[in-house]
Amino acid sequence: MDYWYTDDRSGTRYPGDPLRWRGDDGAPLTVAPLAGLGPGDVDTGVRSLWRYRAALPGDLRPVSLGEGCTPLVTQDWDGADVRFKLEWFSPTGSFKDRGSSVMVSALAGAGVKELLEDSSGNGGSSVAAYSAAAGIAATVLAPEGTSAAKVLQTRAYGATVELVPGTRDDTAAEAVRRSAATTYASHNWHPFFLQGTKTLAYELWEDLGFRAPDAVVTVAGAGSIVLGCDLGFGELLAAGSIAKRPRLLVAQPRNCSPIDAAVHDRPPPPFAPTVAEGTAIRQPVRLPEVVAAIRRSGGDTAAIDEDAIAAAARRLASLGLYAEPTSATAAAAVDVFRDRGAIRPGETTVVVLTGSGLKAPGKLRELIG
């Protein structure tokens with residue numbers, strides 16, 4: 001399948017190339033929208049996200065560990081009837097495996113033997129796992145305060161892990177500096193990563209009997225789930241396979257909430273450490289695109305206090321759902337969005353739980369005791 005990259009800020013187009021991760025002017029790129037699927041286009045004989053291969057660009061040879069096809073569990077959440085999408089059933093324990101599988105497949109097909117990634121945890125362990133499966137040597141840069149469990153998992157796959165002093169943004173800056181000398185497989189920058197995360201939209205569509213939910217609640221740091229849902233549901237809408245986009249309802253910890261601030265046209269509050277460590281990104285690479293996706297869907301954002309995140313993590317566990325605090329941020333936001341009328345009785349609401357509680361034993365020990 002032929003494909004193009006587009007710079008949505010300038011309108012510049014580039015020929016599709018897995019080795020290109022940004023525009024000539026430094027702007028982020030996306031794969032131009034592709035033809036969406038109908039129910040008959042799903043390869044039901046494949047039990048992974050690659051059942052939606054017809055919606056992916058290029059002639060990819062899958063590097064797969066069985067990612068996708070995660071459970072969708074109906075649960076009462078303090079009177080709200082919601083469906084939790086348990087993305088921690090992914091091979092490395094987080095939704096990042098969707099993007100890593102597609103991105104690493106593209107890079108492996110382009111002959112890449114070594115790559116560089118930067119991550120606060122889940123993205124790094126995911127890219128490391130798929131690099132191992134593809135026979136690619138991975139180096140992962142991570143902030144020095146990254147969860148020991150996530151660092152251990154990344155190293156277990158054979159990746160070289162380097163801890164970088166300072167913030168998550170300092171780590172990203174160091175990776176961009178090194179990108180001149182190596183293949184940069186950034187889960188925040190690479191266009192193919194978003195092609196993997198868009199399969200979440202296709203999967204929810206299939207989960208619900210080939211219809212879209214009315215609302216999707218998710219947590220966001222860099223916003224890859226938001227952008228993936230925007231891409232996937234947008235393609236399904238253009239194909240006539242759904243009648244409208246779901247509202248994208250996006251939660252961030254108040255201590256690091258630049259997306260919420262941008263959507264509501266106000267300055268972000270001062271940064272402070274957050275138990276939702278996976279979202280601690282002060283300057284998301286694709287901030288304008290994330291804001292546009294939320295507004296295009298008729299969605300909303302909410303900034304969640306640390307106490308509410310902790311309470312949601314405990315409440316999820318009491319229902320048998322052991323989520324890392326980053327994921328619990330989305331659950332905590334359900335009450336906020338329901339009070340605003342963004343979650344409505346009788347509609348279908350999906351809450352994406354992005355990662356397993358096994359990823360953050362230290363943080364959960366503090367929250368649960």
# chains A, B, ... in the order shown; residues from 1 in each chain; ligands from 1

$ residues_around --residues "Thr30 of chain A" --least-positions-apart "5" --cutoff "10 Å" --atoms "only C-alpha atoms" --output "VMD selection string"
chain A and resid 4 to 8 13 to 14 16 21 to 23 189 to 195 227 231

$ select_by_dssp --residues "segment 98-281 of chain A" --states "strand (DSSP E or B)" --output "PyMOL selection string"
chain A and resi 114-118+137-143+160-164+184+215-219+247-253

$ write_last_selection --atoms "C-alpha atoms" --output "PDB file, in the first residue's frame"
ATOM      1  CA  GLU A 114      20.086  -0.732  15.984  1.00  0.00           C
ATOM      2  CA  LEU A 115      17.658   1.839  17.359  1.00  0.00           C
ATOM      3  CA  LEU A 116      17.251   4.461  20.066  1.00  0.00           C
ATOM      4  CA  GLU A 117      14.141   5.153  22.165  1.00  0.00           C
ATOM      5  CA  ASP A 118      13.411   7.476  25.104  1.00  0.00           C
ATOM      6  CA  ALA A 137      19.721  -3.906  19.285  1.00  0.00           C
ATOM      7  CA  ALA A 138      17.883  -1.274  21.350  1.00  0.00           C
ATOM      8  CA  THR A 139      19.175   1.546  23.529  1.00  0.00           C
ATOM      9  CA  VAL A 140      16.588   3.153  25.807  1.00  0.00           C
ATOM     10  CA  LEU A 141      17.086   6.485  27.556  1.00  0.00           C
ATOM     11  CA  ALA A 142      14.953   6.921  30.681  1.00  0.00           C
ATOM     12  CA  PRO A 143      14.662   9.577  33.396  1.00  0.00           C
ATOM     13  CA  THR A 160      20.823  -1.075  26.996  1.00  0.00           C
ATOM     14  CA  VAL A 161      19.195   1.323  29.484  1.00  0.00           C
ATOM     15  CA  GLU A 162      20.781   4.684  30.244  1.00  0.00           C
ATOM     16  CA  LEU A 163      19.284   6.790  33.036  1.00  0.00           C
ATOM     17  CA  VAL A 164      19.345  10.518  32.278  1.00  0.00           C
ATOM     18  CA  TYR A 184      15.381   7.141  16.402  1.00  0.00           C
ATOM     19  CA  ALA A 215     -17.335   8.367  24.399  1.00  0.00           C
ATOM     20  CA  VAL A 216     -13.794   7.156  25.061  1.00  0.00           C
ATOM     21  CA  VAL A 217     -12.138   8.196  28.323  1.00  0.00           C
ATOM     22  CA  THR A 218      -8.353   7.986  28.393  1.00  0.00           C
ATOM     23  CA  VAL A 219      -5.369   9.389  30.219  1.00  0.00           C
ATOM     24  CA  ARG A 247     -16.205  12.076  22.107  1.00  0.00           C
ATOM     25  CA  LEU A 248     -12.589  11.871  23.301  1.00  0.00           C
ATOM     26  CA  LEU A 249     -12.551  12.649  27.033  1.00  0.00           C
ATOM     27  CA  VAL A 250      -8.998  13.107  28.212  1.00  0.00           C
ATOM     28  CA  ALA A 251      -7.651  13.054  31.755  1.00  0.00           C
ATOM     29  CA  GLN A 252      -4.350  14.381  33.029  1.00  0.00           C
ATOM     30  CA  PRO A 253      -2.968  14.731  36.552  1.00  0.00           C
TER      31      PRO A 253
END

$ select_by_dssp --residues "segment 121-348 of chain A" --states "helix (DSSP H, G or I)" --output "ChimeraX atom specification"
/A:122-134,148-156,168-181,191-197,199-207,224-238,254-256,258-263,277-279,287-296,306-318,325-340

$ closest_residue --among "A:Pro62, A:Gly93, A:Gly346, A:Gly223" --to "Gln153 of chain A" --atoms "only C-alpha atoms"
A:Gly93

$ atom_distance --atom1 "atom CA of Ala222 of chain A" --atom2 "atom CA of Val46 of chain A"
29.8 Å

$ residues_around --residues "segment 262-274 of chain A" --least-positions-apart "3" --cutoff "10 Å" --atoms "only C-alpha atoms" --output "list of chain:residue names"
A:Pro253, A:Arg254, A:Asn255, A:Cys256, A:Ser257, A:Pro258, A:Ile259, A:Glu277, A:Gly278, A:Thr279, A:Ala280, A:Ile281, A:Arg282, A:Leu287, A:Pro288, A:Val290, A:Val291, A:Ala292, A:Ile294, A:Arg295, A:Gly299, A:Asp300, A:Thr301, A:Ala302, A:Asp305, A:Glu306, A:Ile309, A:Pro325, A:Thr326

$ closest_residue --among "A:Val275, A:Val82, A:Ala238, A:Ala128" --to "Ser101 of chain A" --atoms "only C-alpha atoms"
A:Ala128

$ atom_distance --atom1 "atom CA of Gly234 of chain A" --atom2 "atom CA of Asp41 of chain A"
16.6 Å

$ atom_distance --atom1 "atom CA of Ser120 of chain A" --atom2 "atom CA of Ala323 of chain A"
16.9 Å

$ closest_residue --among "A:Asp43, A:Glu324, A:Glu235, A:Asp2" --to "Glu87 of chain A" --atoms "only C-alpha atoms"
A:Glu324

$ residues_around --residues "Leu56 of chain A" --least-positions-apart "4" --cutoff "12 Å" --atoms "only C-alpha atoms" --output "ChimeraX atom specification"
/A:1-3,31-37,41-42,49-52,60-62,99,101-103,105-106,191-199,202,231-232,235

$ residues_around --residues "Pro213 of chain A" --least-positions-apart "2" --cutoff "10 Å" --atoms "only C-alpha atoms" --output "PyMOL selection string"
chain A and resi 83+201+204-205+207-208+210-211+215-216+242+244-247+347-350

$ write_last_selection --atoms "C-alpha atoms" --output "short mmCIF file (atom, residue, chain, number, x, y, z; two decimals), in the first residue's frame"
data_model
loop_
_atom_site.label_atom_id
_atom_site.label_comp_id
_atom_site.auth_asym_id
_atom_site.auth_seq_id
_atom_site.Cartn_x
_atom_site.Cartn_y
_atom_site.Cartn_z
CA ARG A 83 -16.73 -0.59 29.77
CA ALA A 201 -10.22 2.41 17.51
CA LEU A 204 -13.36 -1.04 19.91
CA TRP A 205 -15.46 -0.81 16.75
CA ASP A 207 -15.77 -5.21 20.14
CA LEU A 208 -19.05 -3.27 20.02
CA PHE A 210 -18.99 -2.81 14.42
CA ARG A 211 -20.20 0.43 15.90
CA ALA A 215 -17.33 8.37 24.40
CA VAL A 216 -13.79 7.16 25.06
CA ILE A 242 -19.54 4.46 11.70
CA LYS A 244 -19.96 9.70 14.02
CA ARG A 245 -16.75 10.00 16.01
CA PRO A 246 -16.87 9.21 19.73
CA ARG A 247 -16.20 12.08 22.11
CA GLU A 347 -24.73 5.83 26.05
CA THR A 348 -21.74 3.53 25.53
CA THR A 349 -18.66 4.79 27.36
CA VAL A 350 -15.28 3.07 27.15
#
